[in-house]
Amino acid sequence: MARKLLVMVLGILAGLMLAELVLRLTHAAPEIVPVQHGRFRLSGNPVLGYEPVPISYSGRLSPTHHYTGRSNSLGFRDIEHAVPKPEGVYRIVVIGDSIADGIYIPRTKDIFPTVMQTLLTEQGYDAEVINLSVSGYNTAQEVEMLRIMGLQFLPDLVLVAYCLNDIMRVDGGILDALLAEERARAPVNRYRAKILHRSAFYRFIRYVLLQPNQTELGGDQEIFAQSLSGNTVVESFRKLADMANQNGFDVLVVVFPNFRQLADYPYAAEHEKVRRLADANGFRYLDLLPGLQNCSSESGGRLDFDYIHPTVSGHRCIAGIITGHLAETVFNR
């Protein structure tokens, strides 16, 4: 009996070691060790993959240092905001990717969430705009960032800055670069003291197979791992709708068009899909295409750096369109 038990134990250990080796070689387990690269670091939350880090930077612009100056204490391109919502203030939380995070725009005061704040204040509205956007995020990451960071601000409205490429992960290689650095440096896990988290086998079981739900984890940052590369929009909108119902805020989905084809626009069908999805979840909807077409014809100046990212003039136009929409549909109801 003792020999049989010893053989069984050794067999189990050998199987576990083999599983650990296979999972490490295939990178099937989510990485949770925070390695910093530019303004980003690996996140302890596998759904996010990576997250912004609070730093001040004054050097040359790059994909990982896409603006100069200081982030706020949470790492976002914004000022500090009090967690207790001031009485009588209408809070707007913006979630989005590099558009709302203002890539190619050196000064934070020129990106559309900040310009929105200026316009709302000038027009006498007691409103506060909080920008939680992160370059490269897709819809799943944006909604998860709202859950772990945004809900504490008690938003009245969540503005989803929706880009047509949000059906996929397009982060400019940020996550891959961070993972490569983590593998090269093999740092000690500073997020958790749990030795188990160093095991790929444990992380695979914990975050992929078991997939703990939010109720089980409560405020814990650890949440089930999921693919960041697939189309997460439908599922993410459903989660956002549940979140909105539970926390009592409205959702406004703002669709950003392809800037390079504003005149003879070929993607109207894609916008219509987003509108129907927003309607199905009880969200408000705003298509920026007509307003940007007007700005383009009136100004004659360039509104874009490429087909996705607006210039300073583009950000100013976008802020004006959204602010006007809010004035008509929210503040003057």
# chains A, B, ... in the order shown; residues from 1 in each chain; ligands from 1
call {"tool": "closest_atom_pairs", "arguments": {"of": "segment 30-117 of chain A", "to": "segment 136-156 of chain A", "cutoff": "8 Å", "atoms": "only C-alpha atoms", "output": "Markdown table"}}
result
| residue | atom | partner | partner_atom | distance |
| --- | --- | --- | --- | --- |
| A:Val47 | CA | A:Gln141 | CA | 6.2 |
| A:Leu48 | CA | A:Gln141 | CA | 5.0 |
| A:Ala82 | CA | A:Phe153 | CA | 7.6 |
| A:Val83 | CA | A:Phe153 | CA | 5.2 |
| A:Pro84 | CA | A:Phe153 | CA | 6.7 |
| A:Lys85 | CA | A:Phe153 | CA | 6.3 |
| A:Tyr90 | CA | A:Asp156 | CA | 6.0 |
| A:Arg91 | CA | A:Pro155 | CA | 4.9 |
| A:Ile92 | CA | A:Pro155 | CA | 5.8 |
| A:Val93 | CA | A:Pro155 | CA | 6.0 |
| A:Ile95 | CA | A:Glu142 | CA | 5.7 |
| A:Gly96 | CA | A:Glu142 | CA | 6.1 |
| A:Asp97 | CA | A:Tyr137 | CA | 5.0 |
| A:Ser98 | CA | A:Gly136 | CA | 5.9 |
call {"tool": "select_by_dssp", "arguments": {"residues": "segment 47-249 of chain A", "states": "alpha helix (DSSP H)", "output": "PyMOL selection string"}}
result
chain A and resi 112-122+139-145+174-185+200-203+214-217+233-247
call {"tool": "closest_residue", "arguments": {"among": "A:Asn165, A:Thr64, A:Asn245, A:Ser199", "to": "His37 of chain A", "atoms": "only C-alpha atoms"}}
result
A:Thr64
call {"tool": "closest_residue", "arguments": {"among": "A:Ala327, A:Leu289, A:Val158, A:Val134", "to": "Glu51 of chain A", "atoms": "only C-alpha atoms"}}
result
A:Val134
call {"tool": "closest_residue", "arguments": {"among": "A:Phe256, A:Tyr202, A:Phe237, A:Phe305", "to": "Glu20 of chain A", "atoms": "only C-alpha atoms"}}
result
A:Tyr202
call {"tool": "residues_around", "arguments": {"residues": "Ile105 of chain A", "least_positions_apart": "4", "cutoff": "12 Å", "atoms": "only C-alpha atoms", "output": "ChimeraX atom specification"}}
result
/A:61-63,65-69,77,98-101,109-112,304-305,309-316
call {"tool": "write_last_selection", "arguments": {"atoms": "N, CA and C atoms", "output": "compact mmCIF listing (two decimals), in the first residue's frame"}}
result
# COMPACT_ATOMS: atom_id res chain seq x y z
N LEU A 61 7.61 62.33 -27.92
CA LEU A 61 6.40 61.53 -28.00
C LEU A 61 6.68 60.20 -28.68
N SER A 62 5.95 59.16 -28.23
CA SER A 62 6.06 57.82 -28.80
C SER A 62 4.76 57.09 -28.48
N PRO A 63 4.54 55.89 -29.04
CA PRO A 63 3.31 55.17 -28.70
C PRO A 63 3.12 54.92 -27.22
N HIS A 65 4.71 56.89 -24.82
CA HIS A 65 4.77 58.20 -24.17
C HIS A 65 4.04 59.18 -25.10
N HIS A 66 2.73 59.04 -25.19
CA HIS A 66 1.98 59.71 -26.25
C HIS A 66 1.55 61.12 -25.88
N TYR A 67 1.92 61.60 -24.70
CA TYR A 67 1.69 63.00 -24.36
C TYR A 67 2.71 63.42 -23.32
N THR A 68 2.93 64.72 -23.21
CA THR A 68 3.87 65.24 -22.23
C THR A 68 3.12 65.71 -21.00
N GLY A 69 3.85 65.86 -19.92
CA GLY A 69 3.24 66.33 -18.67
C GLY A 69 2.90 65.19 -17.74
N ARG A 77 -5.01 60.41 -18.15
CA ARG A 77 -4.72 61.73 -18.71
C ARG A 77 -5.83 62.70 -18.30
N SER A 98 -7.32 55.19 -27.67
CA SER A 98 -6.35 56.24 -27.96
C SER A 98 -6.99 57.52 -28.47
N ILE A 99 -8.23 57.45 -28.98
CA ILE A 99 -8.91 58.66 -29.45
C ILE A 99 -9.18 59.57 -28.27
N ALA A 100 -9.88 59.04 -27.27
CA ALA A 100 -10.21 59.85 -26.09
C ALA A 100 -8.98 60.09 -25.22
N ASP A 101 -7.96 59.24 -25.35
CA ASP A 101 -6.71 59.44 -24.63
C ASP A 101 -5.80 60.43 -25.35
N LYS A 109 -4.99 69.73 -22.44
CA LYS A 109 -6.10 70.68 -22.55
C LYS A 109 -6.74 70.66 -23.93
N ASP A 110 -6.09 70.01 -24.92
CA ASP A 110 -6.61 70.00 -26.29
C ASP A 110 -7.37 68.74 -26.65
N ILE A 111 -7.48 67.74 -25.76
CA ILE A 111 -8.21 66.53 -26.11
C ILE A 111 -9.68 66.73 -25.77
N PHE A 112 -10.56 66.02 -26.46
CA PHE A 112 -11.97 66.36 -26.40
C PHE A 112 -12.62 66.22 -25.02
N ASP A 304 -7.84 65.30 -38.95
CA ASP A 304 -7.33 63.98 -38.58
C ASP A 304 -5.84 63.85 -38.86
N PHE A 305 -5.20 63.00 -38.05
CA PHE A 305 -3.84 62.56 -38.32
C PHE A 305 -3.84 61.32 -39.22
N HIS A 309 -7.51 58.93 -35.69
CA HIS A 309 -7.15 59.88 -34.66
C HIS A 309 -7.31 61.33 -35.10
N PRO A 310 -8.10 62.12 -34.35
CA PRO A 310 -8.32 63.53 -34.71
C PRO A 310 -7.16 64.43 -34.31
N THR A 311 -7.04 65.53 -35.03
CA THR A 311 -6.09 66.59 -34.68
C THR A 311 -6.69 67.44 -33.56
N VAL A 312 -5.99 68.50 -33.17
CA VAL A 312 -6.52 69.42 -32.17
C VAL A 312 -7.85 70.01 -32.66
N SER A 313 -7.90 70.38 -33.94
CA SER A 313 -9.15 70.91 -34.51
C SER A 313 -10.24 69.85 -34.48
N GLY A 314 -9.87 68.60 -34.76
CA GLY A 314 -10.84 67.52 -34.70
C GLY A 314 -11.38 67.31 -33.30
N HIS A 315 -10.49 67.34 -32.32
CA HIS A 315 -10.92 67.20 -30.92
C HIS A 315 -11.86 68.34 -30.53
N ARG A 316 -11.55 69.54 -30.98
CA ARG A 316 -12.39 70.68 -30.66
C ARG A 316 -13.79 70.53 -31.28
call {"tool": "select_by_dssp", "arguments": {"residues": "segment 140-188 of chain A", "states": "strand (DSSP E)", "output": "ChimeraX atom specification"}}
result
/A:157-163
call {"tool": "atom_distance", "arguments": {"atom1": "atom CA of Leu262 of chain A", "atom2": "atom CA of Pro106 of chain A"}}
result
25.0 Å
